[in-house]
Amino acid sequence: MQPWQPTTKHDARVARAELLRTIREFFYARNVLEVDTPLLSNGTVTDEHLDAFDTQFNFASSGKPSKLYLQTSPEYAMKRLLCADSGSIYQVCKAFRHEGEGRWHNPEFTMLEWYRLGFDHFALMDEVDALLQETLNTAPADKLTYQQAFQRYLNIDPLSADDDVLLKAMKERNIDIHAPQNLSYDTKLQLLFSYVIEPKIGIERPCFVYNFPASQAALAKLSPADERVAERFEVYYQGAELANGFHELNAAKEQRLRFETDNEKRKENGLPTKPIDENFLRALDAGLPACAGVAMGIDRLLMLKTGASHIKEVINFSVSRA
Amino acid sequence: MANYSTNEFKGGLKIMLDGEPCNILENEYVKPGKGQAFNRVKIRKLISGKVLEKTFRSGESVEGADVMDTELAYLYTDGEFYHFMNNDTFEQIAADEKAVGENTKWLVENDVCTITLWNGSPITVTPPNFVELEITETDPGLKGDTAGTGGKPATLSTGAVVRVPLFVQTGEVIRVDTRSGEYVSRAQK
């Protein structure tokens with residue numbers, strides 16, 4: 001039987017309360033409005049590597065039981081607010097991902113997400129940097145493109161290298177995959193990134209990696225200067241991936257196409273397809289103002305702030321005790 | 001044997017890999033921001049003893065290995081096999097030279113060893129941490145010498161060679177740590 005006690009110490013709970021206060025003051029000073037959106041949604045994410053929890057709603061107005069999904073992030077709902085003239089907004093909320101637990105992962109976690117009108121990904125990276133300096137007392141961050149990171153640490157161009165070059169690099173670094181068939185090009189890049197690059201960046205100070213390959217664009221705009229890359233960034237610090245941000249794609253047509261491509265990939269890999277969030281697409285159709293947005297893992301931030309070695313030290317009742 | 005999903009991976013779980021039973025030493029869940037989730041696993045191959053790192057896609061299943069440890073007393077060798085007996089059931093089992101490996105030199109009659117069985121057959125034999133063996137040959141040391149001056153080699157009844165202090169003589173029984181192969185003390189008789 002699992003103990004009933006929390007997996008945290010009191011200090012971690014105090015640190016969480018203080019961190020949330022600092023975050024709210026940070027956005028208050030910048031005139032960014034705190035908002036609240038539902039955790040349950042009719043539509044969900046199509047991304048083949050993201051799996052949402054779902055639940056049955058027996059009281060839908062249709063009279064038939066319907067499926068509702070727990071959000072994997074508040075992105076779609078917050079963008080609908082942006083489309084409804086909310087101005088710049090932020091939210092601290094729970095997000096849910098149907099996946100395993102680990103040192104840096106709990107299926108239910110706390111997310112900070114914010115959107116800034118008129119920002120591109122560079123302006124937003126600067127703001128994320130400012131928030132890290134304020135909350136973790138970090139030195140100003142480094143910035144590297146995805147391509148520079150691969151060239152510096154692997155001597156590989158991730159935008160043009162052959163599949164064989166990636167396989168060879170994996171072999172040289174002793175990255176030994178059980179059943180290596182059907183590893184996609186992007187998965188190989190991600191493995192090399194996780195195993196070789198991640199341990200070397202963001203040690204002394206946070207490190208932003210930006211301009212991801214277009215195939216990993218997610219909801220980011222493609223770069224007008226180089227369509228091989230997307231205006232997406234991540235920030236790494238002391239072994240943690242802390243945040244992921246986009247210069248937001250605001251073309252409804254392209255967004256629908258990306259969702260449909262995701263579902264095609266799901267079919268190819270024998271995964272169930274997911275219902276596209278039509279409310280979100282209709283909002284995009286009405287017009288999403290030019291903006292950049294980012295999601296940050298608050299539990300990971302707290303881990304770094306308190307020196308925790310496992311996420312359960314900052315979550316009162318991690319999933320096995322929930 | 002049952003299959004195990006990566007969610008069940010943890011230290012001590014025995015799985016099959018490349019046709020060889022393995023013990024999981026460490027398991028870490030790895031998930032790139034927007035990508036496939038993996039389990040990065042440190043594994044010891046139980047026959048070769050090799051330690052390696054392997055990456056599994058999360059959710060993937062692997063075959064479990066039917067591996068168990070038993071405590072058996074060493075009886076004798078017939079030159080080809082090493083015979084052990086369960087002191088409770090008197091059931092006997094024979095391990096070949098490959099399973100015993102270098103540990104032949106630590107096998108003492110009636111000592112209880114840990115025998116790892118895979119599908120019922122011995123794959124490794126682990127002697128007790130400490131064994132007592134007689135010195136069959138060592139140079140006579142200087143009188144009055146004490147331990148800690150580097151010592152001298154001594155051959156034991158099983159053929160093992162260990163460094164002993166100068167004051168220990170042929171015919172004496174000594175206590176040896178089988179994990180390090182080091183002299184501990186004279187046996188207390």
# chains A, B, ... in the order shown; residues from 1 in each chain; ligands from 1
>>> residues_around(residues="segment 288-302 of chain A", least_positions_apart="4", cutoff="7 Å", atoms="only C-alpha atoms", output="ChimeraX atom specification")
/A:16,82-83,104,109-121,124,240,242-248,250,284,306,311,314
>>> select_by_dssp(residues="segment 64-106 of chain B", states="strand (DSSP E)", output="ChimeraX atom specification")
/B:67-77,81-85,92-96
>>> select_by_dssp(residues="segment 173-215 of chain A", states="alpha helix (DSSP H)", output="list of chain:residue names")
A:Tyr185, A:Asp186, A:Thr187, A:Lys188, A:Leu189, A:Gln190, A:Leu191, A:Leu192
>>> interface_residues(of="chain A", to="chain B", cutoff="7 Å", atoms="only C-alpha atoms", output="PyMOL selection string")
chain A and resi 49+100+102+176-178+187+190+194
>>> atom_distance(atom1="atom CA of Asn103 of chain B", atom2="atom CA of Asn86 of chain B")
19.2 Å
>>> residues_around(residues="Glu91 of chain B", least_positions_apart="5", cutoff="12 Å", atoms="only C-alpha atoms", output="list of chain:residue names")
B:Thr70, B:Glu71, B:Leu72, B:Ala73, B:Leu75, B:His83, B:Phe84, B:Met85, B:Asn86
>>> write_last_selection(atoms="all heavy atoms", output="mmCIF file, in the first residue's frame")
data_model
loop_
_atom_site.group_PDB
_atom_site.id
_atom_site.type_symbol
_atom_site.label_atom_id
_atom_site.label_comp_id
_atom_site.auth_asym_id
_atom_site.auth_seq_id
_atom_site.Cartn_x
_atom_site.Cartn_y
_atom_site.Cartn_z
ATOM 1 N N THR B 70 19.046 -19.509 -6.556
ATOM 2 C CA THR B 70 18.821 -20.519 -5.510
ATOM 3 C C THR B 70 20.094 -20.651 -4.679
ATOM 4 O O THR B 70 21.192 -20.377 -5.163
ATOM 5 C CB THR B 70 18.514 -21.909 -6.110
ATOM 6 O OG1 THR B 70 19.603 -22.277 -6.962
ATOM 7 C CG2 THR B 70 17.233 -21.914 -6.905
ATOM 8 N N GLU B 71 19.915 -21.049 -3.442
ATOM 9 C CA GLU B 71 21.057 -21.238 -2.528
ATOM 10 C C GLU B 71 21.345 -22.739 -2.438
ATOM 11 O O GLU B 71 20.509 -23.499 -1.949
ATOM 12 C CB GLU B 71 20.709 -20.707 -1.129
ATOM 13 C CG GLU B 71 20.244 -19.257 -1.101
ATOM 14 C CD GLU B 71 21.363 -18.278 -1.417
ATOM 15 O OE1 GLU B 71 22.459 -18.454 -0.847
ATOM 16 O OE2 GLU B 71 21.156 -17.373 -2.246
ATOM 17 N N LEU B 72 22.507 -23.139 -2.971
ATOM 18 C CA LEU B 72 22.837 -24.569 -2.998
ATOM 19 C C LEU B 72 24.236 -24.806 -2.438
ATOM 20 O O LEU B 72 25.121 -23.978 -2.589
ATOM 21 C CB LEU B 72 22.780 -25.092 -4.443
ATOM 22 C CG LEU B 72 21.451 -24.931 -5.201
ATOM 23 C CD1 LEU B 72 21.630 -25.383 -6.646
ATOM 24 C CD2 LEU B 72 20.334 -25.735 -4.530
ATOM 25 N N ALA B 73 24.402 -25.970 -1.790
ATOM 26 C CA ALA B 73 25.704 -26.313 -1.212
ATOM 27 C C ALA B 73 26.565 -27.010 -2.264
ATOM 28 O O ALA B 73 26.083 -27.868 -3.011
ATOM 29 C CB ALA B 73 25.508 -27.227 -0.012
ATOM 30 N N LEU B 75 29.112 -29.647 -3.654
ATOM 31 C CA LEU B 75 29.481 -31.008 -3.266
ATOM 32 C C LEU B 75 30.867 -31.386 -3.783
ATOM 33 O O LEU B 75 31.808 -31.558 -3.030
ATOM 34 C CB LEU B 75 28.449 -32.007 -3.801
ATOM 35 C CG LEU B 75 27.016 -31.868 -3.276
ATOM 36 C CD1 LEU B 75 26.116 -32.903 -3.947
ATOM 37 C CD2 LEU B 75 26.984 -32.043 -1.757
ATOM 38 N N HIS B 83 28.956 -30.106 -8.970
ATOM 39 C CA HIS B 83 27.690 -30.588 -8.432
ATOM 40 C C HIS B 83 27.312 -29.861 -7.155
ATOM 41 O O HIS B 83 28.153 -29.659 -6.280
ATOM 42 C CB HIS B 83 27.773 -32.103 -8.184
ATOM 43 C CG HIS B 83 28.006 -32.861 -9.460
ATOM 44 N ND1 HIS B 83 26.980 -33.359 -10.222
ATOM 45 C CD2 HIS B 83 29.155 -33.147 -10.136
ATOM 46 C CE1 HIS B 83 27.492 -33.944 -11.312
ATOM 47 N NE2 HIS B 83 28.802 -33.825 -11.271
ATOM 48 N N PHE B 84 26.039 -29.444 -7.112
ATOM 49 C CA PHE B 84 25.515 -28.699 -5.965
ATOM 50 C C PHE B 84 24.263 -29.391 -5.448
ATOM 51 O O PHE B 84 23.598 -30.105 -6.207
ATOM 52 C CB PHE B 84 25.154 -27.269 -6.379
ATOM 53 C CG PHE B 84 26.351 -26.457 -6.804
ATOM 54 C CD1 PHE B 84 26.827 -26.511 -8.119
ATOM 55 C CD2 PHE B 84 27.002 -25.636 -5.892
ATOM 56 C CE1 PHE B 84 27.933 -25.773 -8.509
ATOM 57 C CE2 PHE B 84 28.108 -24.881 -6.276
ATOM 58 C CZ PHE B 84 28.572 -24.960 -7.587
ATOM 59 N N MET B 85 23.942 -29.165 -4.178
ATOM 60 C CA MET B 85 22.762 -29.807 -3.610
ATOM 61 C C MET B 85 21.945 -28.814 -2.789
ATOM 62 O O MET B 85 22.490 -27.981 -2.066
ATOM 63 C CB MET B 85 23.170 -30.976 -2.709
ATOM 64 C CG MET B 85 21.967 -31.744 -2.160
ATOM 65 S SD MET B 85 22.482 -33.181 -1.209
ATOM 66 C CE MET B 85 23.145 -32.432 0.241
ATOM 67 N N ASN B 86 20.624 -28.927 -2.921
ATOM 68 C CA ASN B 86 19.705 -28.168 -2.081
ATOM 69 C C ASN B 86 19.631 -28.862 -0.726
ATOM 70 O O ASN B 86 19.222 -30.018 -0.633
ATOM 71 C CB ASN B 86 18.317 -28.147 -2.761
ATOM 72 C CG ASN B 86 17.327 -27.309 -1.984
ATOM 73 O OD1 ASN B 86 17.315 -27.341 -0.755
ATOM 74 N ND2 ASN B 86 16.496 -26.579 -2.704
#
>>> closest_residue(among="A:Ala84, A:Ala230, A:Ala130, A:Leu257", to="Ile23 of chain A", atoms="only C-alpha atoms")
A:Ala130
>>> closest_residue(among="A:Thr44, A:Thr135, A:Ser61, A:Thr7", to="Lys305 of chain A", atoms="only C-alpha atoms")
A:Thr135
>>> closest_residue(among="A:Phe26, A:Tyr185, A:Phe280, A:Phe317", to="Val128 of chain A", atoms="only C-alpha atoms")
A:Phe26
